[in-house]
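Novice: Handing over work-v3.cif, mmCIF, C-alpha atoms and all ligand atoms.
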data_run
#
loop_
_atom_site.label_atom_id
_atom_site.label_comp_id
_atom_site.auth_asym_id
_atom_site.auth_seq_id
_atom_site.Cartn_x
_atom_site.Cartn_y
_atom_site.Cartn_z
CA MET G 551 25.78 7.96 -1.27
CA ILE G 552 22.00 8.22 -1.38
CA ILE G 553 20.31 10.33 -4.04
CA LEU G 554 16.58 11.01 -3.77
CA SER G 555 14.44 12.36 -6.60
CA THR G 556 11.37 14.05 -5.18
CA PHE G 557 8.92 16.93 -5.51
CA PRO G 558 5.39 17.04 -4.12
CA LYS G 559 3.69 17.20 -7.50
CA GLY G 560 2.89 14.65 -10.20
CA GLY G 561 4.51 14.63 -13.62
CA VAL G 562 7.38 17.04 -12.90
CA GLY G 563 10.24 14.70 -13.93
CA LYS G 564 11.09 12.67 -10.79
CA THR G 565 11.33 9.38 -12.68
CA ILE G 566 13.22 10.90 -15.61
CA LEU G 567 15.83 12.17 -13.15
CA ALA G 568 16.00 8.94 -11.14
CA VAL G 569 16.58 6.66 -14.11
CA HIS G 570 19.07 8.98 -15.83
CA VAL G 571 21.09 9.51 -12.66
CA THR G 572 21.09 5.72 -12.21
CA GLY G 573 22.23 5.28 -15.82
CA LEU G 574 24.96 7.87 -15.36
CA LEU G 575 26.29 6.16 -12.24
CA LEU G 576 26.22 2.79 -13.99
CA SER G 577 28.18 4.17 -16.91
CA VAL G 578 30.80 6.27 -15.10
CA THR G 579 31.41 4.35 -11.85
CA LYS G 580 32.29 0.77 -11.04
CA GLU G 581 30.21 0.78 -7.86
CA ARG G 582 27.24 -1.45 -7.07
CA ILE G 583 24.02 0.49 -7.50
CA LEU G 584 20.52 0.07 -6.07
CA LEU G 585 17.45 1.83 -7.42
CA ILE G 586 14.55 2.01 -4.96
CA ASP G 587 11.21 2.82 -6.59
CA ALA G 588 8.83 4.04 -3.88
CA ASP G 589 5.97 4.95 -6.23
CA PRO G 590 2.79 2.83 -6.11
CA ARG G 591 2.93 3.15 -9.90
CA PRO G 592 6.53 2.09 -10.33
CA ASP G 593 7.69 3.81 -13.50
CA SER G 594 11.43 3.50 -12.72
CA TRP G 595 11.04 -0.21 -12.03
CA ARG G 596 9.16 -0.54 -15.31
CA PHE G 597 11.82 1.43 -17.19
CA TYR G 598 14.33 -1.30 -16.41
CA LEU G 599 12.18 -4.40 -16.30
CA GLY G 600 9.73 -3.60 -19.07
CA ARG G 601 6.63 -4.77 -17.25
CA LYS G 602 4.57 -4.13 -14.13
CA PRO G 603 5.57 -5.93 -10.92
CA ASN G 604 3.74 -9.18 -10.24
CA SER G 605 2.15 -9.77 -6.87
CA GLY G 606 4.85 -10.83 -4.47
CA GLU G 607 7.49 -8.65 -6.13
CA GLU G 608 7.02 -5.87 -3.60
CA ASN G 609 10.22 -5.30 -1.66
CA LYS G 610 12.06 -8.01 -3.61
CA PHE G 611 15.57 -7.15 -4.76
CA ILE G 612 15.72 -7.89 -8.47
CA GLU G 613 19.09 -8.17 -10.20
CA VAL G 614 19.13 -6.18 -13.42
CA ASN G 615 22.80 -6.94 -13.94
CA LYS G 616 25.80 -7.95 -11.86
CA ARG G 617 26.19 -4.61 -10.18
CA PHE G 618 22.71 -3.16 -10.45
CA ASP G 619 19.66 -4.16 -8.41
CA ILE G 620 16.22 -2.63 -8.25
CA VAL G 621 13.53 -2.87 -5.62
CA TRP G 622 9.91 -1.72 -5.52
CA ASN G 623 9.19 -0.34 -2.04
CA PRO G 624 5.72 1.22 -2.35
CA PRO G 625 3.88 3.10 0.41
CA GLN G 626 1.98 0.83 2.78
CA TYR G 627 -1.46 2.23 3.35
CA GLY G 628 -2.94 1.98 6.81
CA LYS G 629 0.29 0.87 8.46
CA LYS G 630 2.35 2.73 10.99
CA GLU G 631 5.48 2.69 8.84
CA ARG G 632 4.79 4.48 5.58
CA PHE G 633 7.45 2.37 3.80
CA ARG G 634 8.58 -1.09 4.75
CA PRO G 635 12.10 -0.53 6.08
CA ILE G 636 14.97 -1.99 4.08
CA LYS G 637 17.69 -3.45 6.29
CA LYS G 638 20.76 -1.28 6.65
CA ALA G 639 23.00 -4.27 5.99
CA GLU G 640 21.31 -4.68 2.61
CA LEU G 641 21.83 -1.02 1.75
CA ASP G 642 25.46 -1.12 2.83
CA GLU G 643 26.27 -3.37 -0.13
CA TYR G 644 25.84 -0.52 -2.56
CA GLY G 645 28.09 2.40 -3.44
CA TYR G 646 25.13 4.44 -4.69
CA ILE G 647 21.43 4.24 -3.94
CA VAL G 648 18.99 6.18 -6.09
CA MET G 649 15.39 6.64 -4.95
CA ASP G 650 12.34 7.62 -6.96
CA THR G 651 9.23 8.80 -5.10
CA ASP G 652 5.57 9.45 -5.76
CA ALA G 653 4.00 12.89 -5.35
CA PRO G 654 2.49 13.09 -1.83
CA LEU G 655 4.53 15.33 0.43
CA GLU G 656 4.22 12.96 3.39
CA ASP G 657 5.89 10.22 1.33
CA ALA G 658 8.81 12.52 0.51
CA ILE G 659 9.12 13.38 4.20
CA ALA G 660 9.06 9.70 5.18
CA MET G 661 11.72 8.84 2.58
CA ILE G 662 13.95 11.67 3.76
CA SER G 663 13.51 10.90 7.46
CA ASN G 664 14.12 7.18 6.95
CA ASN G 665 17.12 7.44 4.65
CA SER G 666 18.77 10.85 5.13
CA PRO G 667 19.72 11.18 1.45
CA ASN G 668 22.98 13.02 0.73
CA ILE G 669 21.47 14.60 -2.37
CA ILE G 670 17.87 15.66 -2.96
CA LEU G 671 16.97 16.39 -6.58
CA SER G 672 13.70 18.20 -7.22
CA PRO G 673 12.74 18.55 -10.88
CA ILE G 674 10.51 21.22 -12.36
CA ASN G 675 9.59 20.64 -16.00
CA ALA G 676 8.15 22.92 -18.64
CA SER G 677 4.60 21.56 -18.55
CA GLN G 678 4.28 22.00 -14.75
CA ARG G 679 6.38 25.15 -14.55
CA ASP G 680 4.02 27.72 -13.09
CA THR G 681 2.34 25.59 -10.46
CA ALA G 682 5.58 23.85 -9.48
CA LEU G 683 7.37 27.19 -9.06
CA GLU G 684 4.47 28.40 -6.98
CA ASP G 685 4.75 25.35 -4.71
CA LEU G 686 8.54 25.49 -4.45
CA PRO G 687 8.93 27.84 -1.42
CA ASP G 688 6.57 25.73 0.72
CA PHE G 689 8.47 22.59 -0.20
CA LEU G 690 11.83 24.19 0.58
CA GLY G 691 10.32 25.31 3.91
CA VAL G 692 9.47 21.69 4.71
CA LEU G 693 13.00 20.58 3.80
CA TYR G 694 14.33 23.35 6.02
CA GLN G 695 12.34 21.89 8.92
CA ILE G 696 13.74 18.41 8.32
CA CYS G 697 17.34 19.59 7.96
CA GLY G 698 19.35 20.59 10.98
CA SER G 699 22.86 20.86 12.35
CA ASP G 700 23.45 17.13 11.93
CA TYR G 701 21.72 16.70 8.57
CA SER G 702 22.45 19.02 5.69
CA PRO G 703 21.77 17.43 2.30
CA MET G 704 22.71 18.98 -1.00
CA VAL G 705 19.41 20.13 -2.50
CA ARG G 706 19.26 20.88 -6.21
CA VAL G 707 16.14 22.07 -7.97
CA VAL G 708 16.49 20.83 -11.54
CA PRO G 709 14.97 22.92 -14.34
CA LEU G 710 13.85 20.65 -17.19
CA GLY G 711 12.98 22.89 -20.11
CA VAL G 712 12.64 25.80 -17.68
CA GLY G 713 15.05 28.72 -17.34
CA GLN G 714 17.62 28.33 -14.57
CA ASN G 715 17.07 31.96 -13.60
CA LEU G 716 13.38 31.50 -12.93
CA VAL G 717 14.21 28.71 -10.49
CA SER G 718 17.09 30.63 -8.89
CA ILE G 719 14.90 33.67 -8.28
CA ARG G 720 12.20 31.54 -6.72
CA ILE G 721 14.74 29.90 -4.42
CA GLU G 722 16.10 33.32 -3.43
CA GLN G 723 12.57 34.47 -2.63
CA SER G 724 12.01 31.47 -0.36
CA GLN G 725 12.41 32.49 3.25
CA ASP G 726 13.18 29.16 4.87
CA LYS G 727 15.24 26.77 2.80
CA PRO G 728 18.00 24.22 3.35
CA GLU G 729 21.48 25.67 3.64
CA ASN G 730 22.93 23.92 0.60
CA CYS G 731 20.18 24.64 -1.89
CA LYS G 732 20.33 26.06 -5.41
CA ALA G 733 19.14 25.61 -8.96
CA ALA G 734 20.97 22.99 -11.00
CA PRO G 735 21.97 23.80 -14.58
CA ALA G 736 18.91 23.78 -16.84
CA MET G 737 18.21 21.14 -19.44
CA ARG G 738 16.80 22.46 -22.68
CA ASN G 739 13.17 21.75 -23.45
CA LEU G 740 13.03 18.12 -24.54
CA GLN G 741 9.50 17.22 -23.58
CA ALA G 742 8.61 15.11 -26.61
CA ARG G 743 12.01 13.44 -26.82
CA MET G 744 11.99 12.57 -23.12
CA ASN G 745 8.52 11.06 -23.44
CA LYS G 746 9.75 8.92 -26.31
CA ALA G 747 12.85 7.87 -24.37
CA LYS G 748 10.76 6.86 -21.36
CA LYS G 749 8.33 4.92 -23.54
CA GLU G 750 11.16 3.18 -25.40
CA ARG G 751 12.97 2.62 -22.07
CA LYS G 752 16.17 4.22 -23.32
CA TYR G 753 18.43 6.86 -21.88
CA ILE G 754 18.21 10.18 -23.70
CA TRP G 755 21.96 10.19 -24.38
CA ASN G 756 21.59 7.02 -26.47
CA TYR G 757 19.75 8.93 -29.20
CA SER G 758 21.97 10.44 -31.83
CA GLY G 759 22.40 14.17 -31.33
CA TYR G 760 21.74 13.93 -27.56
CA GLU G 761 24.99 12.28 -26.43
CA GLU G 762 26.12 15.35 -24.49
CA LEU G 763 23.27 14.88 -22.01
CA LEU G 764 25.35 12.28 -20.17
CA ASP G 765 27.52 15.21 -19.04
CA TYR G 766 24.42 17.18 -18.15
CA PHE G 767 23.30 14.55 -15.63
CA SER G 768 26.76 14.44 -14.14
CA SER G 769 26.66 18.24 -13.71
CA ILE G 770 23.46 18.16 -11.67
CA ILE G 771 24.77 15.77 -9.03
CA GLU G 772 28.16 17.52 -8.79
CA ILE G 773 29.95 14.33 -7.86
CA ASP G 774 33.60 13.90 -8.77
CA ILE G 775 33.68 10.49 -10.34
N1 LIG G 801 14.17 18.57 -20.48
C1 LIG G 801 12.84 18.49 -20.45
N2 LIG G 801 12.07 19.46 -20.97
C2 LIG G 801 10.72 19.39 -20.93
N3 LIG G 801 10.04 18.38 -20.40
C3 LIG G 801 10.76 17.38 -19.84
C4 LIG G 801 12.19 17.39 -19.83
N4 LIG G 801 12.61 16.27 -19.21
C5 LIG G 801 11.50 15.60 -18.85
N5 LIG G 801 10.39 16.25 -19.23
C6 LIG G 801 9.00 15.81 -19.09
O1 LIG G 801 8.66 15.50 -17.77
C7 LIG G 801 7.50 14.66 -17.85
C8 LIG G 801 7.28 13.89 -16.59
O2 LIG G 801 8.28 12.95 -16.39
P1 LIG G 801 8.25 11.87 -15.22
O3 LIG G 801 7.43 10.70 -15.56
O4 LIG G 801 9.68 11.63 -14.90
O5 LIG G 801 7.55 12.67 -14.02
P2 LIG G 801 7.24 12.18 -12.56
O6 LIG G 801 7.45 13.35 -11.68
O7 LIG G 801 8.03 10.95 -12.25
O8 LIG G 801 5.70 11.80 -12.64
P3 LIG G 801 4.82 10.94 -11.61
O9 LIG G 801 4.44 11.90 -10.52
O10 LIG G 801 3.66 10.48 -12.42
O11 LIG G 801 5.67 9.83 -11.10
C9 LIG G 801 7.66 13.85 -19.10
O12 LIG G 801 6.48 13.97 -19.83
C10 LIG G 801 8.81 14.50 -19.82
O13 LIG G 801 8.53 14.76 -21.16
MG MG G 802 7.46 9.07 -11.54
#
Here is a file; write its structure as structure tokens.
Ligand SMILES: Nc1ncnc2c1ncn2[C@@H]1O[C@H](COP(=O)(O)OP(=O)(O)OP(=O)(O)O)[C@@H](O)[C@H]1O
Ligand SMILES: [Mg+2]

Specialist:
Amino acid sequence: MIILSTFPKGGVGKTILAVHVTGLLLSVTKERILLIDADPRPDSWRFYLGRKPNSGEENKFIEVNKRFDIVWNPPQYGKKERFRPIKKAELDEYGYIVMDTDAPLEDAIAMISNNSPNIILSPINASQRDTALEDLPDFLGVLYQICGSDYSPMVRVVPLGVGQNLVSIRIEQSQDKPENCKAAPAMRNLQARMNKAKKERKYIWNYSGYEELLDYFSSIIEIDI
């Protein structure tokens, strides 16, 4: 099961989703999990390892714990392959693979074409709401082009501190969109708290009063675990 967090815009919540979905899977499954951070500024990688990668750590699998590995697979500029391919045999070791991307649309397209994720999560947070909603139909149109009869991912647009309705309406207004595409349940506005969690490298549900957010992240991926 491959889950990709992507949206062609900076600062919308891609990393927040990627690390929390990873944390959810680690806490509710017994599977081996791989997190692939494909951002040249690897915030997910840093969330777990607490530092920037050293030179030579590109594309190295780093064991965070016995059943959780993380790899930084940044875009390669000026090369034919946008991302250095990871061997299928290496990916087959994992029950779940979570991917975090950077903002450029062509990187999202490369990640989707290379990996055919089963689930695509696209966050829209409160601070980027208007411009991200404006960009949403074009992005869904691109996903529509990539999808086809033999590839139909579950696409969920995830409202972070944004009303679910606003997102649903925008999806309805989009002419071309993937078949299995809708708004996920909305998270309440937690901008400051989420910033603190990211800085302190903690999951939001580990703060007192926010425990129920573990269930929230399970509701957005709709996986029976
Ligand atoms: N529930 C929420 N309500 C409001 N804001 C939120 C919520 N969850 C996350 N955010 C905000 O989203 C912001 C961006 O988060 P994040 O770093 O994950 O974005 P990103 O898309 O990965 O950015 P980049 O393009 O730089 O990689 C954070 O500042 C965080 O506060
Ligand atoms: Mg990020």

Novice: Enumerate residues in contact with ligand LIG 801 (chain G): an atom-to-atom distance of at most 7 Å, counting all atoms listed in the file. Format the result as an MDAnalysis selection string.

Specialist: chainID G and resid 559:567 589 593 652:653 675:677 710:711 737:745

Novice: Would you please work out which residue, of G:Val614, G:Met649, G:Leu576, G:Cys731, is nearest to ligand MG 802 (chain G) when using all atoms listed in the file?

Specialist: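 Of all the options, G:Met649 lies closest to ligand MG 802 (chain G).
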
Novice: Using all atoms listed in the file, which protein or nucleic acid residues come within 12 Å of Pro558 (chain G)? Drop anything in the same chain fewer than 2 positions from it, and give the result as a ChimeraX atom specification.

Specialist: /G:555-556,560-564,651-659,671-674,678,681-690,692-693

Novice: Go ahead and compute the interatomic distance for CA of Arg720 (chain G) and CA of Asn664 (chain G), in Å to one decimal.

Specialist: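 About the pair CA of Arg720 (chain G) and CA of Asn664 (chain G): they are 28.0 Å apart.
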
Novice: Hey, which of G:Asp650, G:Tyr701, G:Leu575, G:Lys638 ends up closest to ligand MG 802 (chain G)? Count only C-alpha atoms and all ligand atoms.

Specialist: G:Asp650

Novice: Counting only C-alpha atoms, which residue out of G:Asn615, G:Ile670, G:Arg582, G:Lys752 sits closest to Leu641 (chain G)?

Specialist: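 Among G:Asn615, G:Ile670, G:Arg582, G:Lys752, it is G:Arg582 that comes nearest to Leu641 (chain G).
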
Novice: From the list G:Glu722, G:Asp587, G:Asp700, G:Asp642, which residue is nearest ligand MG 802 (chain G) when using only C-alpha atoms and all ligand atoms?

Specialist: G:Asp587

Novice: Pick out the residues sitting within 10 Å of Glu729 (chain G), and hand them over as a ChimeraX atom specification; count all atoms listed in the file, and ignore anything fewer than 3 positions along from it in its own chain.

Specialist: /G:693-694,697-698,702-705,726,732

Novice: Which residue, G:Pro592, G:Gly573, G:Pro603, G:Pro735, has the smallest gap to Pro625 (chain G) when you use only C-alpha atoms?

Specialist: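 The shortest atom-to-atom distance to Pro625 (chain G) comes from G:Pro592.
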
Novice: So which residues touch Leu574 (chain G) within 9 Å, counting only C-alpha atoms, skipping near sequence neighbours fewer than 4 positions away, as a count of residues only?

Specialist: 8

Novice: Closest to Tyr644 (chain G) among G:Ala588, G:Ala568, G:Val621, G:Met551, using all atoms listed in the file?

Specialist: G:Met551

Novice: Hey, can you check how far CA of Gln695 (chain G) sits from CA of Asn668 (chain G)?

Specialist: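 Between these atoms lies a distance of 16.1 Å.
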
Novice: Box for region 738-752 of chain G - axis-aligned, 4 Å on each of the six sides, all listed atoms - centre and size in Å to one decimal, as AutoDock Vina command-line options.

Specialist:
--center_x 12.6 --center_y 12.5 --center_z -24.1 --size_x 16.5 --size_y 27.8 --size_z 13.5

Novice: Got a sec to write region 612-689 of chain G of the block to a file, C-alpha atoms, as a compact mmCIF listing (two decimals), in the first residue's frame?

Specialist:
# COMPACT_ATOMS: atom_id res chain seq x y z
CA ILE G 612 18.04 4.70 7.53
CA GLU G 613 16.55 2.50 10.23
CA VAL G 614 14.50 4.55 12.68
CA ASN G 615 13.39 1.42 14.50
CA LYS G 616 13.03 -2.28 13.79
CA ARG G 617 10.06 -1.91 11.51
CA PHE G 618 10.42 1.65 10.31
CA ASP G 619 12.91 2.94 7.74
CA ILE G 620 13.21 6.34 6.13
CA VAL G 621 14.92 7.42 2.95
CA TRP G 622 15.63 10.83 1.42
CA ASN G 623 15.06 10.60 -2.33
CA PRO G 624 15.31 14.22 -3.54
CA PRO G 625 14.77 15.40 -7.12
CA GLN G 626 17.86 15.11 -9.30
CA TYR G 627 18.31 18.29 -11.25
CA GLY G 628 19.53 18.03 -14.82
CA LYS G 629 19.11 14.26 -15.03
CA LYS G 630 16.72 12.32 -17.18
CA GLU G 631 15.09 10.58 -14.22
CA ARG G 632 13.57 13.17 -11.92
CA PHE G 633 14.01 10.82 -8.92
CA ARG G 634 16.59 8.11 -8.54
CA PRO G 635 14.55 4.91 -8.81
CA ILE G 636 14.29 2.74 -5.70
CA LYS G 637 14.47 -0.96 -6.49
CA LYS G 638 11.15 -2.75 -6.43
CA ALA G 639 12.66 -5.55 -4.35
CA GLU G 640 13.53 -2.98 -1.68
CA LEU G 641 10.00 -1.58 -1.68
CA ASP G 642 8.46 -5.05 -1.51
CA GLU G 643 9.80 -5.46 2.03
CA TYR G 644 7.29 -2.98 3.38
CA GLY G 645 3.59 -3.30 4.14
CA TYR G 646 3.10 0.46 3.83
CA ILE G 647 5.09 3.12 2.04
CA VAL G 648 4.36 6.78 2.75
CA MET G 649 5.76 9.48 0.46
CA ASP G 650 6.17 13.19 1.09
CA THR G 651 6.76 15.49 -1.88
CA ASP G 652 7.87 19.03 -2.59
CA ALA G 653 5.64 21.56 -4.34
CA PRO G 654 6.47 21.49 -8.09
CA LEU G 655 3.75 19.82 -10.09
CA GLU G 656 6.22 17.95 -12.28
CA ASP G 657 7.65 16.27 -9.17
CA ALA G 658 4.19 15.12 -8.10
CA ILE G 659 3.60 13.76 -11.60
CA ALA G 660 6.94 11.92 -11.57
CA MET G 661 6.21 10.41 -8.14
CA ILE G 662 2.77 9.26 -9.25
CA SER G 663 3.97 7.84 -12.58
CA ASN G 664 6.91 6.03 -10.96
CA ASN G 665 5.06 4.59 -7.98
CA SER G 666 1.32 4.41 -8.78
CA PRO G 667 0.28 5.23 -5.21
CA ASN G 668 -2.94 3.57 -4.01
CA ILE G 669 -3.88 6.68 -2.05
CA ILE G 670 -3.15 10.32 -2.91
CA LEU G 671 -3.68 12.79 -0.07
CA SER G 672 -3.77 16.46 -0.97
CA PRO G 673 -3.93 18.85 1.99
CA ILE G 674 -5.34 22.36 1.95
CA ASN G 675 -4.71 24.31 5.14
CA ALA G 676 -6.26 27.48 6.52
CA SER G 677 -3.38 29.81 5.68
CA GLN G 678 -3.29 28.75 1.99
CA ARG G 679 -7.02 28.21 1.65
CA ASP G 680 -8.03 30.63 -1.08
CA THR G 681 -5.15 30.11 -3.46
CA ALA G 682 -5.07 26.35 -2.90
CA LEU G 683 -8.82 26.06 -3.58
CA GLU G 684 -8.32 28.12 -6.70
CA ASP G 685 -5.59 25.75 -7.90
CA LEU G 686 -7.48 22.57 -7.00
CA PRO G 687 -9.46 22.01 -10.24
CA ASP G 688 -6.32 22.25 -12.40
CA PHE G 689 -4.54 19.78 -10.15
